[in-house]
$ cat model23.cif   # mmCIF, C-alpha atoms and all ligand atoms
data_structure
loop_
_atom_site.label_atom_id
_atom_site.label_comp_id
_atom_site.auth_asym_id
_atom_site.auth_seq_id
_atom_site.Cartn_x
_atom_site.Cartn_y
_atom_site.Cartn_z
CA MET A 1 1.40 -100.65 25.21
CA ALA A 2 -0.34 -103.71 23.81
CA VAL A 3 -0.77 -107.44 24.35
CA LEU A 4 0.30 -109.74 21.52
CA VAL A 5 -2.08 -112.68 21.15
CA THR A 6 -0.64 -115.47 19.01
CA GLY A 7 -3.23 -117.90 17.63
CA GLY A 8 -5.85 -115.23 18.30
CA ALA A 9 -7.97 -116.38 15.34
CA GLY A 10 -8.31 -119.87 16.83
CA TYR A 11 -11.05 -121.17 19.09
CA ILE A 12 -9.77 -120.28 22.57
CA GLY A 13 -7.68 -117.37 21.25
CA SER A 14 -10.66 -115.60 19.65
CA VAL A 15 -12.71 -115.81 22.85
CA THR A 16 -9.78 -114.45 24.86
CA VAL A 17 -9.28 -111.62 22.34
CA GLU A 18 -12.99 -110.78 22.74
CA LEU A 19 -12.60 -110.59 26.55
CA LEU A 20 -9.35 -108.60 26.46
CA GLN A 21 -11.01 -106.11 24.11
CA GLN A 22 -14.03 -105.82 26.43
CA GLU A 23 -11.64 -105.14 29.29
CA GLY A 24 -10.09 -102.23 27.38
CA GLU A 25 -6.77 -103.92 26.62
CA ASP A 26 -4.93 -103.01 23.42
CA VAL A 27 -4.71 -106.28 21.51
CA VAL A 28 -2.62 -107.26 18.48
CA ILE A 29 -3.17 -110.64 16.83
CA LEU A 30 -0.62 -112.84 15.09
CA ASP A 31 -2.01 -115.95 13.39
CA ASN A 32 -0.98 -117.81 10.23
CA LEU A 33 -4.64 -118.87 9.68
CA ASP A 34 -3.47 -122.45 9.21
CA ARG A 35 -6.27 -123.51 11.57
CA GLY A 36 -7.89 -120.22 12.54
CA HIS A 37 -10.65 -118.04 11.11
CA ARG A 38 -10.19 -114.36 10.29
CA GLU A 39 -13.95 -113.84 10.84
CA SER A 40 -13.67 -114.96 14.46
CA VAL A 41 -12.03 -111.68 15.47
CA ASP A 42 -13.18 -108.08 15.27
CA PRO A 43 -11.97 -106.76 11.88
CA SER A 44 -10.96 -103.45 13.47
CA LEU A 45 -8.22 -105.07 15.59
CA PRO A 46 -4.62 -105.07 14.34
CA PHE A 47 -4.15 -108.48 12.70
CA TYR A 48 -0.96 -109.94 11.24
CA GLU A 49 -1.20 -113.05 9.11
CA GLY A 50 2.11 -114.77 9.74
CA GLY A 51 4.00 -117.36 11.73
CA ILE A 52 5.25 -117.13 15.31
CA GLY A 53 8.66 -118.26 14.03
CA ASP A 54 9.02 -115.18 11.79
CA ARG A 55 11.53 -113.22 13.87
CA LYS A 56 11.48 -110.11 11.67
CA LEU A 57 7.71 -109.89 11.79
CA VAL A 58 7.53 -110.39 15.58
CA ALA A 59 10.27 -107.77 16.09
CA ARG A 60 8.33 -105.31 13.92
CA ILE A 61 5.03 -105.97 15.74
CA ALA A 62 6.74 -105.62 19.14
CA ARG A 63 8.30 -102.31 18.09
CA GLU A 64 5.31 -100.77 16.31
CA HIS A 65 2.76 -101.73 18.97
CA ARG A 66 5.04 -101.49 22.03
CA ILE A 67 4.15 -105.04 23.08
CA GLU A 68 4.37 -105.51 26.86
CA SER A 69 2.98 -109.05 27.25
CA CYS A 70 2.20 -112.03 25.06
CA VAL A 71 -0.62 -114.54 25.34
CA HIS A 72 0.65 -117.48 23.33
CA PHE A 73 -2.04 -119.82 21.96
CA ALA A 74 -0.62 -120.59 18.52
CA ALA A 75 -0.03 -124.31 18.11
CA LEU A 76 -1.11 -127.41 16.27
CA ALA A 77 -3.28 -129.31 18.70
CA TYR A 78 -4.40 -132.71 17.41
CA VAL A 79 -3.03 -135.61 19.43
CA GLY A 80 -3.59 -138.19 16.65
CA GLU A 81 -2.04 -135.98 13.97
CA SER A 82 1.00 -135.44 16.20
CA VAL A 83 1.60 -139.18 16.38
CA GLY A 84 1.73 -139.41 12.56
CA GLU A 85 3.59 -136.11 12.02
CA PRO A 86 5.80 -135.60 15.09
CA LEU A 87 8.38 -133.42 13.32
CA ARG A 88 5.70 -131.01 12.15
CA TYR A 89 4.47 -130.68 15.76
CA PHE A 90 7.95 -130.22 17.24
CA ASP A 91 8.74 -127.67 14.55
CA ASN A 92 5.51 -125.67 14.82
CA ASN A 93 4.90 -125.83 18.56
CA THR A 94 8.42 -126.07 19.98
CA ALA A 95 10.99 -124.78 17.45
CA GLN A 96 8.77 -121.88 16.32
CA GLY A 97 7.67 -121.36 19.93
CA ILE A 98 11.32 -120.96 20.93
CA ALA A 99 11.87 -118.50 18.05
CA LEU A 100 8.88 -116.51 19.34
CA LEU A 101 10.30 -116.42 22.87
CA GLU A 102 13.66 -115.32 21.51
CA SER A 103 12.04 -112.47 19.55
CA LEU A 104 10.09 -111.43 22.65
CA VAL A 105 13.18 -111.49 24.89
CA VAL A 106 15.16 -109.43 22.35
CA ALA A 107 12.25 -106.95 22.17
CA GLY A 108 12.23 -106.62 25.97
CA VAL A 109 8.92 -108.41 26.55
CA ARG A 110 9.03 -110.16 29.93
CA ARG A 111 5.53 -111.59 30.41
CA VAL A 112 4.05 -114.63 28.66
CA VAL A 113 0.81 -116.50 29.31
CA PHE A 114 1.22 -119.87 27.65
CA SER A 115 -1.40 -122.42 26.51
CA SER A 116 -0.29 -125.69 27.99
CA THR A 117 -2.37 -128.80 28.32
CA ALA A 118 -3.49 -131.75 30.42
CA ALA A 119 -1.68 -133.84 27.78
CA THR A 120 1.63 -132.96 29.49
CA TYR A 121 0.68 -135.33 32.34
CA GLY A 122 0.21 -138.43 30.23
CA GLU A 123 -1.44 -141.41 31.94
CA PRO A 124 -2.59 -140.10 35.35
CA GLU A 125 -1.45 -141.85 38.52
CA GLN A 126 -4.08 -140.11 40.63
CA SER A 127 -7.37 -138.29 40.09
CA PRO A 128 -8.04 -135.41 40.28
CA ILE A 129 -4.63 -134.40 38.92
CA PRO A 130 -2.70 -131.72 40.83
CA GLU A 131 -0.04 -129.52 39.16
CA THR A 132 2.64 -131.47 41.08
CA HIS A 133 1.69 -134.71 39.27
CA ARG A 134 4.64 -136.11 37.31
CA GLN A 135 4.63 -135.07 33.63
CA LEU A 136 5.17 -137.90 31.18
CA PRO A 137 3.30 -137.19 27.92
CA THR A 138 2.16 -140.12 25.79
CA ASN A 139 2.27 -138.34 22.41
CA PRO A 140 4.36 -135.75 20.50
CA TYR A 141 1.73 -133.03 21.00
CA GLY A 142 2.03 -133.38 24.78
CA TRP A 143 5.85 -133.41 24.56
CA SER A 144 5.87 -130.31 22.32
CA LYS A 145 4.01 -128.42 25.08
CA TYR A 146 6.05 -129.99 27.89
CA PHE A 147 9.27 -128.77 26.24
CA MET A 148 7.84 -125.25 25.98
CA GLU A 149 7.11 -125.24 29.72
CA ARG A 150 10.78 -126.21 30.37
CA VAL A 151 12.03 -123.53 27.94
CA LEU A 152 9.89 -120.91 29.68
CA GLN A 153 11.37 -121.92 33.06
CA SER A 154 14.89 -121.53 31.66
CA CYS A 155 14.01 -118.12 30.17
CA ASP A 156 12.71 -116.99 33.55
CA HIS A 157 15.98 -118.08 35.14
CA ALA A 158 18.21 -116.49 32.51
CA HIS A 159 16.21 -113.47 31.33
CA GLY A 160 13.61 -112.80 34.03
CA LEU A 161 10.81 -113.72 31.60
CA LYS A 162 7.79 -114.28 33.85
CA PHE A 163 5.24 -116.79 32.63
CA ALA A 164 1.99 -118.50 33.53
CA ALA A 165 1.59 -121.91 31.89
CA LEU A 166 -2.12 -122.70 31.87
CA ARG A 167 -2.80 -126.43 31.52
CA TYR A 168 -6.28 -126.65 30.06
CA PHE A 169 -8.41 -129.73 30.32
CA ASN A 170 -11.31 -129.94 27.79
CA ALA A 171 -12.19 -126.54 26.32
CA CYS A 172 -15.78 -126.30 25.09
CA GLY A 173 -18.81 -124.03 24.72
CA ALA A 174 -19.16 -120.71 22.92
CA THR A 175 -19.86 -117.03 23.40
CA ALA A 176 -22.50 -115.24 21.32
CA ARG A 177 -19.79 -114.25 18.81
CA CYS A 178 -17.16 -117.01 18.92
CA GLY A 179 -17.54 -120.77 18.76
CA GLU A 180 -15.69 -123.97 18.03
CA HIS A 181 -14.87 -124.65 14.37
CA HIS A 182 -12.00 -127.09 13.93
CA GLU A 183 -11.22 -128.84 10.62
CA PRO A 184 -11.43 -131.77 11.07
CA GLU A 185 -13.52 -131.72 14.23
CA THR A 186 -12.30 -134.15 16.88
CA HIS A 187 -13.86 -132.64 20.02
CA LEU A 188 -16.79 -134.43 21.60
CA ILE A 189 -19.34 -131.65 22.08
CA PRO A 190 -19.32 -130.29 18.49
CA ILE A 191 -19.49 -133.86 17.18
CA VAL A 192 -22.47 -134.62 19.46
CA LEU A 193 -24.21 -131.51 18.08
CA PHE A 194 -23.38 -132.50 14.48
CA ALA A 195 -24.99 -135.89 15.17
CA ALA A 196 -28.02 -134.09 16.67
CA THR A 197 -28.55 -132.11 13.46
CA GLY A 198 -27.88 -135.05 11.10
CA LYS A 199 -24.68 -133.49 9.76
CA TRP A 200 -22.87 -136.55 11.10
CA PRO A 201 -24.67 -139.91 11.10
CA HIS A 202 -23.80 -140.69 14.73
CA VAL A 203 -21.36 -140.06 17.58
CA SER A 204 -18.76 -142.79 17.97
CA ILE A 205 -18.21 -143.69 21.62
CA PHE A 206 -14.57 -144.74 21.82
CA GLY A 207 -14.46 -147.27 24.63
CA THR A 208 -17.43 -148.59 26.59
CA ASP A 209 -15.45 -150.85 28.93
CA TYR A 210 -13.44 -148.33 30.93
CA PRO A 211 -13.37 -148.74 34.74
CA THR A 212 -15.88 -145.87 35.15
CA PRO A 213 -19.51 -146.10 36.39
CA ASP A 214 -21.00 -146.27 32.86
CA GLY A 215 -17.92 -147.67 31.08
CA THR A 216 -17.19 -144.53 29.04
CA ALA A 217 -14.24 -142.15 29.47
CA ILE A 218 -14.49 -139.24 31.89
CA ARG A 219 -13.18 -135.75 31.10
CA ASP A 220 -13.16 -132.36 32.80
CA TYR A 221 -15.09 -129.87 30.58
CA ILE A 222 -14.36 -126.19 30.98
CA HIS A 223 -16.24 -123.37 29.26
CA VAL A 224 -14.05 -121.43 26.85
CA ALA A 225 -15.15 -118.10 28.40
CA ASP A 226 -13.94 -119.34 31.81
CA LEU A 227 -10.62 -120.22 30.17
CA ALA A 228 -10.46 -116.72 28.69
CA SER A 229 -11.00 -115.13 32.11
CA ALA A 230 -8.09 -117.17 33.49
CA HIS A 231 -5.81 -115.61 30.87
CA LEU A 232 -6.81 -112.10 31.90
CA LEU A 233 -6.21 -112.99 35.57
CA ALA A 234 -2.84 -114.57 34.71
CA LEU A 235 -1.82 -111.37 32.90
CA LYS A 236 -2.81 -109.30 35.94
CA HIS A 237 -0.90 -111.72 38.19
CA LEU A 238 2.29 -111.27 36.14
CA ARG A 239 1.84 -107.50 35.83
CA GLY A 240 1.46 -107.36 39.61
CA GLY A 241 4.86 -109.00 40.05
CA GLY A 242 3.54 -112.54 40.56
CA ASP A 243 5.92 -115.46 40.20
CA SER A 244 6.08 -117.71 37.16
CA ASP A 245 3.94 -120.78 37.70
CA CYS A 246 1.88 -123.57 36.13
CA PHE A 247 -1.87 -123.78 36.72
CA ASN A 248 -4.44 -126.43 35.87
CA LEU A 249 -7.67 -125.09 34.40
CA GLY A 250 -10.54 -127.49 34.94
CA THR A 251 -13.53 -127.80 37.23
CA GLY A 252 -12.56 -130.78 39.40
CA HIS A 253 -15.70 -132.56 38.13
CA GLY A 254 -15.61 -135.15 35.41
CA TYR A 255 -18.39 -136.17 33.05
CA SER A 256 -18.51 -139.38 31.08
CA VAL A 257 -19.10 -139.46 27.31
CA LYS A 258 -22.56 -140.93 27.95
CA LYS A 259 -23.38 -138.16 30.42
CA VAL A 260 -22.37 -135.52 27.85
CA ILE A 261 -24.63 -137.14 25.24
CA GLU A 262 -27.57 -137.42 27.68
CA THR A 263 -27.19 -133.76 28.65
CA ALA A 264 -26.99 -132.74 24.99
CA GLU A 265 -30.18 -134.70 24.27
CA ARG A 266 -31.96 -132.65 26.94
CA VAL A 267 -30.57 -129.37 25.56
CA VAL A 268 -31.47 -130.05 21.91
CA GLY A 269 -34.71 -131.90 22.74
CA ARG A 270 -34.14 -134.93 20.54
CA PRO A 271 -32.33 -138.29 20.66
CA ILE A 272 -28.73 -138.36 19.40
CA PRO A 273 -27.59 -141.48 17.51
CA THR A 274 -24.48 -143.17 18.92
CA GLN A 275 -22.28 -146.07 17.93
CA ALA A 276 -19.98 -148.00 20.28
CA ALA A 277 -16.38 -148.20 19.04
CA GLY A 278 -13.12 -149.52 20.44
CA ARG A 279 -10.89 -147.55 22.78
CA ARG A 280 -8.41 -145.17 21.14
CA ALA A 281 -4.77 -145.88 21.94
CA GLY A 282 -3.43 -143.63 24.67
CA ASP A 283 -6.85 -142.39 25.86
CA PRO A 284 -6.86 -142.47 29.68
CA SER A 285 -10.11 -143.51 31.37
CA ARG A 286 -10.34 -140.36 33.50
CA LEU A 287 -8.77 -136.89 33.17
CA VAL A 288 -9.93 -134.49 35.85
CA ALA A 289 -8.02 -131.50 37.25
CA THR A 290 -7.63 -129.98 40.66
CA SER A 291 -7.78 -126.24 39.98
CA ASP A 292 -7.48 -124.99 43.56
CA LYS A 293 -4.16 -123.34 42.72
CA ALA A 294 -5.65 -121.13 39.96
CA ARG A 295 -8.52 -120.22 42.30
CA ARG A 296 -6.17 -119.42 45.20
CA ILE A 297 -3.36 -117.60 43.39
CA LEU A 298 -5.12 -116.06 40.37
CA GLY A 299 -8.54 -115.60 42.00
CA TRP A 300 -10.10 -117.64 39.18
CA ASN A 301 -13.74 -118.56 39.63
CA PRO A 302 -15.26 -120.41 36.65
CA GLN A 303 -18.88 -119.30 36.25
CA ARG A 304 -20.11 -121.01 33.08
CA SER A 305 -18.70 -124.52 33.30
CA ASP A 306 -21.75 -126.48 34.32
CA LEU A 307 -22.32 -129.05 31.59
CA ALA A 308 -25.82 -127.95 30.51
CA THR A 309 -24.68 -124.29 30.25
CA ILE A 310 -21.67 -125.32 28.15
CA ILE A 311 -23.75 -127.41 25.76
CA GLN A 312 -26.53 -124.81 25.50
CA SER A 313 -23.97 -122.14 24.52
CA ALA A 314 -22.38 -124.44 21.93
CA TRP A 315 -25.83 -125.36 20.57
CA ASP A 316 -26.85 -121.70 20.25
CA TRP A 317 -23.66 -120.98 18.29
CA HIS A 318 -24.03 -124.05 16.05
CA GLN A 319 -27.58 -123.07 15.18
CA LYS A 320 -26.40 -119.62 14.10
CA HIS A 321 -23.35 -121.05 12.28
CA PRO A 322 -24.35 -124.48 10.95
CA ASP A 323 -21.24 -124.56 8.73
CA GLY A 324 -18.97 -122.88 11.23
CA TYR A 325 -17.35 -119.59 10.29
CA ALA A 326 -17.39 -120.25 6.54
CA ASN A 327 -21.04 -119.40 6.07
CA GLY A 328 -21.92 -118.11 9.49
N1 LIG B 401 -9.10 -127.02 22.62
C1 LIG B 401 -8.69 -127.63 23.74
O1 LIG B 401 -9.48 -128.36 24.39
C2 LIG B 401 -7.29 -127.44 24.26
C3 LIG B 401 -6.90 -128.15 25.41
C4 LIG B 401 -5.59 -127.96 25.91
C5 LIG B 401 -4.73 -127.06 25.30
N2 LIG B 401 -5.12 -126.40 24.17
C6 LIG B 401 -4.18 -125.45 23.57
O2 LIG B 401 -4.80 -124.18 23.44
C7 LIG B 401 -4.34 -123.49 22.29
C8 LIG B 401 -5.52 -123.07 21.43
O3 LIG B 401 -6.27 -124.23 21.09
P1 LIG B 401 -7.54 -124.12 20.14
O4 LIG B 401 -8.44 -125.26 20.42
O5 LIG B 401 -8.06 -122.73 20.20
O6 LIG B 401 -6.83 -124.41 18.73
P2 LIG B 401 -7.06 -123.71 17.30
O7 LIG B 401 -6.44 -124.60 16.30
O8 LIG B 401 -8.47 -123.31 17.14
O9 LIG B 401 -6.18 -122.37 17.44
C9 LIG B 401 -4.80 -122.34 17.24
C10 LIG B 401 -4.49 -121.13 16.37
O10 LIG B 401 -3.07 -121.02 16.22
C11 LIG B 401 -2.79 -120.73 14.85
N3 LIG B 401 -1.41 -121.22 14.60
C12 LIG B 401 -0.95 -122.50 14.70
N4 LIG B 401 0.36 -122.54 14.46
C13 LIG B 401 0.76 -121.26 14.20
C14 LIG B 401 2.00 -120.66 13.89
N5 LIG B 401 3.12 -121.39 13.78
N6 LIG B 401 2.05 -119.32 13.70
C15 LIG B 401 0.93 -118.56 13.82
N7 LIG B 401 -0.28 -119.09 14.12
C16 LIG B 401 -0.37 -120.42 14.30
C17 LIG B 401 -3.86 -121.45 14.04
O11 LIG B 401 -4.05 -120.90 12.76
C18 LIG B 401 -5.08 -121.25 14.97
O12 LIG B 401 -5.77 -120.05 14.66
C19 LIG B 401 -3.36 -124.44 21.58
O13 LIG B 401 -2.06 -124.08 21.98
C20 LIG B 401 -3.73 -125.81 22.16
O14 LIG B 401 -2.62 -126.66 22.18
C21 LIG B 401 -6.38 -126.56 23.65
#

$ encode --input "model23.cif" --output "structure tokens" --more "lines below"
Ligand SMILES: NC(=O)c1ccc[n+]([C@@H]2O[C@H](COP(=O)([O-])OP(=O)(O)OC[C@H]3O[C@@H](n4cnc5c(N)ncnc54)[C@H](O)[C@@H]3O)[C@@H](O)[C@H]2O)c1
Amino acid sequence: MAVLVTGGAGYIGSVTVELLQQEGEDVVILDNLDRGHRESVDPSLPFYEGGIGDRKLVARIAREHRIESCVHFAALAYVGESVGEPLRYFDNNTAQGIALLESLVVAGVRRVVFSSTAATYGEPEQSPIPETHRQLPTNPYGWSKYFMERVLQSCDHAHGLKFAALRYFNACGATARCGEHHEPETHLIPIVLFAATGKWPHVSIFGTDYPTPDGTAIRDYIHVADLASAHLLALKHLRGGGDSDCFNLGTGHGYSVKKVIETAERVVGRPIPTQAAGRRAGDPSRLVATSDKARRILGWNPQRSDLATIIQSAWDWHQKHPDGYANG
């Protein structure tokens, strides 16, 4: 019996594959490599290059590997891109996501751990954000994930498909093997490190007049290895007969953009050039999670999510892979 990991060649997927493998799980990866990197996963693992919407392929994988659970990461995940190309996002993340669920249900798979996101909440009405906060996304990416949560709930009702929807806040950091390589890069910590090495001329600080202590936006940063451990715990929860549920994955502590840059300057031991820029439309001033539910129900205990540890791990990986996976 094996676990199907969709999007397993992506950033968070590859780190989760690494952990599942360490834990002795049989893992099969399905990724179309649209945004992922074949080199990010152990070449000895079964790997299928293909789309989650390919029903024949998923049926074959489920049959040949006796898939018992699915950890579903595969998605397009750029907020800005989703605003310009909403149909592409609804097709890839929602329509193909539904096709995947259909293939899994037909194949008898009844456990799914799903990558959801803080973007399903939209503009927060309170901080930190609990799972019971109303969900009103402000962009197509957030809606594409919100719809998948609703579809999963309906599949539980109709087919007994048990799911854990994990709403990540800001994934960051690296393991010794796997790091963050997005094209284009839009995440703060890699950009800060690119500016530290001169690969980028500076870090743009989008918004310096937010109602926060230093005027810059506050986010909840969570180490990718801590995210990976939550997926393993969610799988165990479902295998143990646990109910379907949604869980925030964050630390409950927020750091401002300026605080991230200051911490990175200490880690890399040099000043990092910055440039103030205007706010980006739809960027809330503060996004911080309450994660008590994941701690209580899943037994999750993030160990590596202090900011300096996160940045040090990302810095170590960037130094070994200055051009990401391509020439790493
Ligand atoms: N990075 C974050 O901070 C963050 C925060 C919240 C939620 N998420 C979610 O976590 C998941 C993983 O994010 P990531 O940062 O690792 O992204 P990523 O782009 O590195 O990984 C996504 C992977 O999915 C693959 N993929 C996309 N569409 C596919 C399809 N139709 N068929 C097969 N493979 C497909 C891509 O090739 C890529 O390897 C995504 O679902 C994303 O929405 C990420």

$ closest_residue --input "model23.cif" --among "A:Glu68, A:Glu131, A:Asp42, A:Asp214" --to "Cys246 of chain A" --atoms "only C-alpha atoms"
A:Glu131

$ residues_around --input "model23.cif" --residues "Val203 of chain A" --least-positions-apart "5" --cutoff "8 Å" --atoms "all atoms listed in the file" --output "list in words"
Ile191, Val192, Ala195, Ile272, Pro273, Thr274 and Gln275 of chain A

$ closest_atom_pairs --input "model23.cif" --of "chain A" --to "ligand LIG 401 (chain B)" --cutoff "7 Å" --atoms "all atoms listed in the file" --output "Markdown table"
| residue | atom | partner | partner_atom | distance |
| --- | --- | --- | --- | --- |
| A:Thr6 | CA | B:LIG401 | N7 | 6.1 |
| A:Gly7 | CA | B:LIG401 | O10 | 3.4 |
| A:Gly8 | CA | B:LIG401 | O12 | 6.0 |
| A:Ala9 | CA | B:LIG401 | O12 | 4.3 |
| A:Gly10 | CA | B:LIG401 | O9 | 3.3 |
| A:Tyr11 | CA | B:LIG401 | O5 | 3.6 |
| A:Ile12 | CA | B:LIG401 | O5 | 3.8 |
| A:Gly13 | CA | B:LIG401 | O5 | 5.5 |
| A:Leu30 | CA | B:LIG401 | C15 | 6.1 |
| A:Asp31 | CA | B:LIG401 | N7 | 3.7 |
| A:Asn32 | CA | B:LIG401 | C15 | 4.1 |
| A:Leu33 | CA | B:LIG401 | O11 | 3.7 |
| A:Asp34 | CA | B:LIG401 | O11 | 3.9 |
| A:Arg35 | CA | B:LIG401 | O11 | 3.6 |
| A:Gly36 | CA | B:LIG401 | O12 | 3.0 |
| A:His37 | CA | B:LIG401 | O12 | 6.4 |
| A:Gly50 | CA | B:LIG401 | C15 | 5.7 |
| A:Gly51 | CA | B:LIG401 | N6 | 3.4 |
| A:Ile52 | CA | B:LIG401 | N6 | 4.2 |
| A:Gly53 | CA | B:LIG401 | N5 | 6.4 |
| A:Phe73 | CA | B:LIG401 | O13 | 4.3 |
| A:Ala74 | CA | B:LIG401 | O10 | 3.4 |
| A:Ala75 | CA | B:LIG401 | C12 | 4.0 |
| A:Leu76 | CA | B:LIG401 | C12 | 5.2 |
| A:Ala77 | CA | B:LIG401 | O14 | 4.4 |
| A:Asn92 | CA | B:LIG401 | N5 | 5.0 |
| A:Asn93 | CA | B:LIG401 | N5 | 6.8 |
| A:Gln96 | CA | B:LIG401 | N5 | 6.2 |
| A:Ser115 | CA | B:LIG401 | O13 | 4.9 |
| A:Ser116 | CA | B:LIG401 | C5 | 5.4 |
| A:Thr117 | CA | B:LIG401 | C4 | 4.1 |
| A:Ala118 | CA | B:LIG401 | C4 | 6.3 |
| A:Arg167 | CA | B:LIG401 | C4 | 6.4 |
| A:Tyr168 | CA | B:LIG401 | C4 | 4.4 |
| A:Phe169 | CA | B:LIG401 | C3 | 5.4 |
| A:Asn170 | CA | B:LIG401 | O1 | 4.2 |
| A:Ala171 | CA | B:LIG401 | O1 | 3.8 |
| A:Cys172 | CA | B:LIG401 | O1 | 6.7 |
| A:His182 | CA | B:LIG401 | O8 | 6.1 |

$ residues_around --input "model23.cif" --residues "Arg150 of chain A" --least-positions-apart "4" --cutoff "12 Å" --atoms "all atoms listed in the file" --output "PDB file with C-alpha atoms, keeping the file's coordinate frame"
ATOM      1  CA  THR A  94       8.420-126.070  19.980  1.00  0.00           C
ATOM      2  CA  GLY A  97       7.670-121.360  19.930  1.00  0.00           C
ATOM      3  CA  ILE A  98      11.320-120.960  20.930  1.00  0.00           C
ATOM      4  CA  PHE A 114       1.220-119.870  27.650  1.00  0.00           C
ATOM      5  CA  SER A 116      -0.290-125.690  27.990  1.00  0.00           C
ATOM      6  CA  THR A 120       1.630-132.960  29.490  1.00  0.00           C
ATOM      7  CA  GLN A 135       4.630-135.070  33.630  1.00  0.00           C
ATOM      8  CA  TRP A 143       5.850-133.410  24.560  1.00  0.00           C
ATOM      9  CA  SER A 144       5.870-130.310  22.320  1.00  0.00           C
ATOM     10  CA  LYS A 145       4.010-128.420  25.080  1.00  0.00           C
ATOM     11  CA  TYR A 146       6.050-129.990  27.890  1.00  0.00           C
ATOM     12  CA  SER A 154      14.890-121.530  31.660  1.00  0.00           C
ATOM     13  CA  CYS A 155      14.010-118.120  30.170  1.00  0.00           C
ATOM     14  CA  ASP A 156      12.710-116.990  33.550  1.00  0.00           C
ATOM     15  CA  HIS A 157      15.980-118.080  35.140  1.00  0.00           C
ATOM     16  CA  PHE A 163       5.240-116.790  32.630  1.00  0.00           C
ATOM     17  CA  ALA A 165       1.590-121.910  31.890  1.00  0.00           C
ATOM     18  CA  SER A 244       6.080-117.710  37.160  1.00  0.00           C
ATOM     19  CA  ASP A 245       3.940-120.780  37.700  1.00  0.00           C
ATOM     20  CA  CYS A 246       1.880-123.570  36.130  1.00  0.00           C
TER      21      CYS A 246
END

$ residues_around --input "model23.cif" --residues "His133 of chain A" --least-positions-apart "3" --cutoff "10 Å" --atoms "all atoms listed in the file" --output "number ranges by chain"
A: 120-122, 124-130, 136

$ atom_distance --input "model23.cif" --atom1 "atom CA of Leu227 of chain A" --atom2 "atom CA of Gln303 of chain A"
10.3 Å

$ atom_distance --input "model23.cif" --atom1 "atom CA of Ser229 of chain A" --atom2 "atom CA of Gln312 of chain A"
19.5 Å

$ residues_near_point --input "model23.cif" --point "(-8.5, -142.3, 27.7)" --cutoff "9 Å" --atoms "only C-alpha atoms" --output "list in words"
Glu123, Phe206, Gly207, Tyr210, Ala217, Ile218, Arg219, Arg279, Arg280, Ala281, Gly282, Asp283, Pro284, Ser285, Arg286 and Leu287 of chain A

$ residues_around --input "model23.cif" --residues "Gly241 of chain A" --least-positions-apart "2" --cutoff "12 Å" --atoms "all atoms listed in the file" --output "PDB file with C-alpha atoms, keeping the file's coordinate frame"
ATOM      1  CA  ARG A 110       9.030-110.160  29.930  1.00  0.00           C
ATOM      2  CA  ARG A 111       5.530-111.590  30.410  1.00  0.00           C
ATOM      3  CA  GLY A 160      13.610-112.800  34.030  1.00  0.00           C
ATOM      4  CA  LEU A 161      10.810-113.720  31.600  1.00  0.00           C
ATOM      5  CA  LYS A 162       7.790-114.280  33.850  1.00  0.00           C
ATOM      6  CA  PHE A 163       5.240-116.790  32.630  1.00  0.00           C
ATOM      7  CA  ALA A 164       1.990-118.500  33.530  1.00  0.00           C
ATOM      8  CA  ALA A 234      -2.840-114.570  34.710  1.00  0.00           C
ATOM      9  CA  LEU A 235      -1.820-111.370  32.900  1.00  0.00           C
ATOM     10  CA  LYS A 236      -2.810-109.300  35.940  1.00  0.00           C
ATOM     11  CA  HIS A 237      -0.900-111.720  38.190  1.00  0.00           C
ATOM     12  CA  LEU A 238       2.290-111.270  36.140  1.00  0.00           C
ATOM     13  CA  ARG A 239       1.840-107.500  35.830  1.00  0.00           C
ATOM     14  CA  ASP A 243       5.920-115.460  40.200  1.00  0.00           C
ATOM     15  CA  SER A 244       6.080-117.710  37.160  1.00  0.00           C
TER      16      SER A 244
END

$ closest_residue --input "model23.cif" --among "A:Ile205, A:Ile222, A:Ala2, A:Ala119" --to "Val79 of chain A" --atoms "all atoms listed in the file"
A:Ala119

$ closest_residue --input "model23.cif" --among "A:Ala228, A:Leu152, A:Ile189, A:Leu104" --to "Tyr255 of chain A" --atoms "only C-alpha atoms"
A:Ile189

$ residues_near_point --input "model23.cif" --point "(-0.5, -106.7, 19.9)" --cutoff "7 Å" --atoms "only C-alpha atoms" --output "list of chain:residue names"
A:Ala2, A:Val3, A:Leu4, A:Val5, A:Asp26, A:Val27, A:Val28, A:Ile29, A:Ile61, A:His65, A:Ile67

$ atom_distance --input "model23.cif" --atom1 "atom CA of Glu39 of chain A" --atom2 "atom CA of Glu185 of chain A"
18.2 Å

$ closest_residue --input "model23.cif" --among "A:Pro43, A:Asp226, A:Thr208, A:Val105" --to "Ser69 of chain A" --atoms "only C-alpha atoms"
A:Val105

$ closest_residue --input "model23.cif" --among "A:Glu183, A:Glu262, A:Asp306, A:Glu64" --to "Ala326 of chain A" --atoms "only C-alpha atoms"
A:Glu183

$ closest_residue --input "model23.cif" --among "A:Arg60, A:Lys259, A:Arg38, A:Lys293" --to "Ala230 of chain A" --atoms "all atoms listed in the file"
A:Lys293

$ residues_around --input "model23.cif" --residues "segment 316-319 of chain A" --least-positions-apart "6" --cutoff "10 Å" --atoms "only C-alpha atoms" --output "compact mmCIF listing (two decimals) with C-alpha atoms, keeping the file's coordinate frame"
# COMPACT_ATOMS: atom_id res chain seq x y z
CA GLY A 173 -18.81 -124.03 24.72
CA ALA A 174 -19.16 -120.71 22.92
CA THR A 175 -19.86 -117.03 23.40
CA ALA A 176 -22.50 -115.24 21.32
CA ARG A 177 -19.79 -114.25 18.81
CA CYS A 178 -17.16 -117.01 18.92
CA GLY A 179 -17.54 -120.77 18.76
CA GLU A 180 -15.69 -123.97 18.03
CA HIS A 181 -14.87 -124.65 14.37
CA PRO A 190 -19.32 -130.29 18.49
CA LEU A 193 -24.21 -131.51 18.08
CA PHE A 194 -23.38 -132.50 14.48
CA THR A 197 -28.55 -132.11 13.46
CA VAL A 268 -31.47 -130.05 21.91
CA TYR A 325 -17.35 -119.59 10.29
CA GLY A 328 -21.92 -118.11 9.49
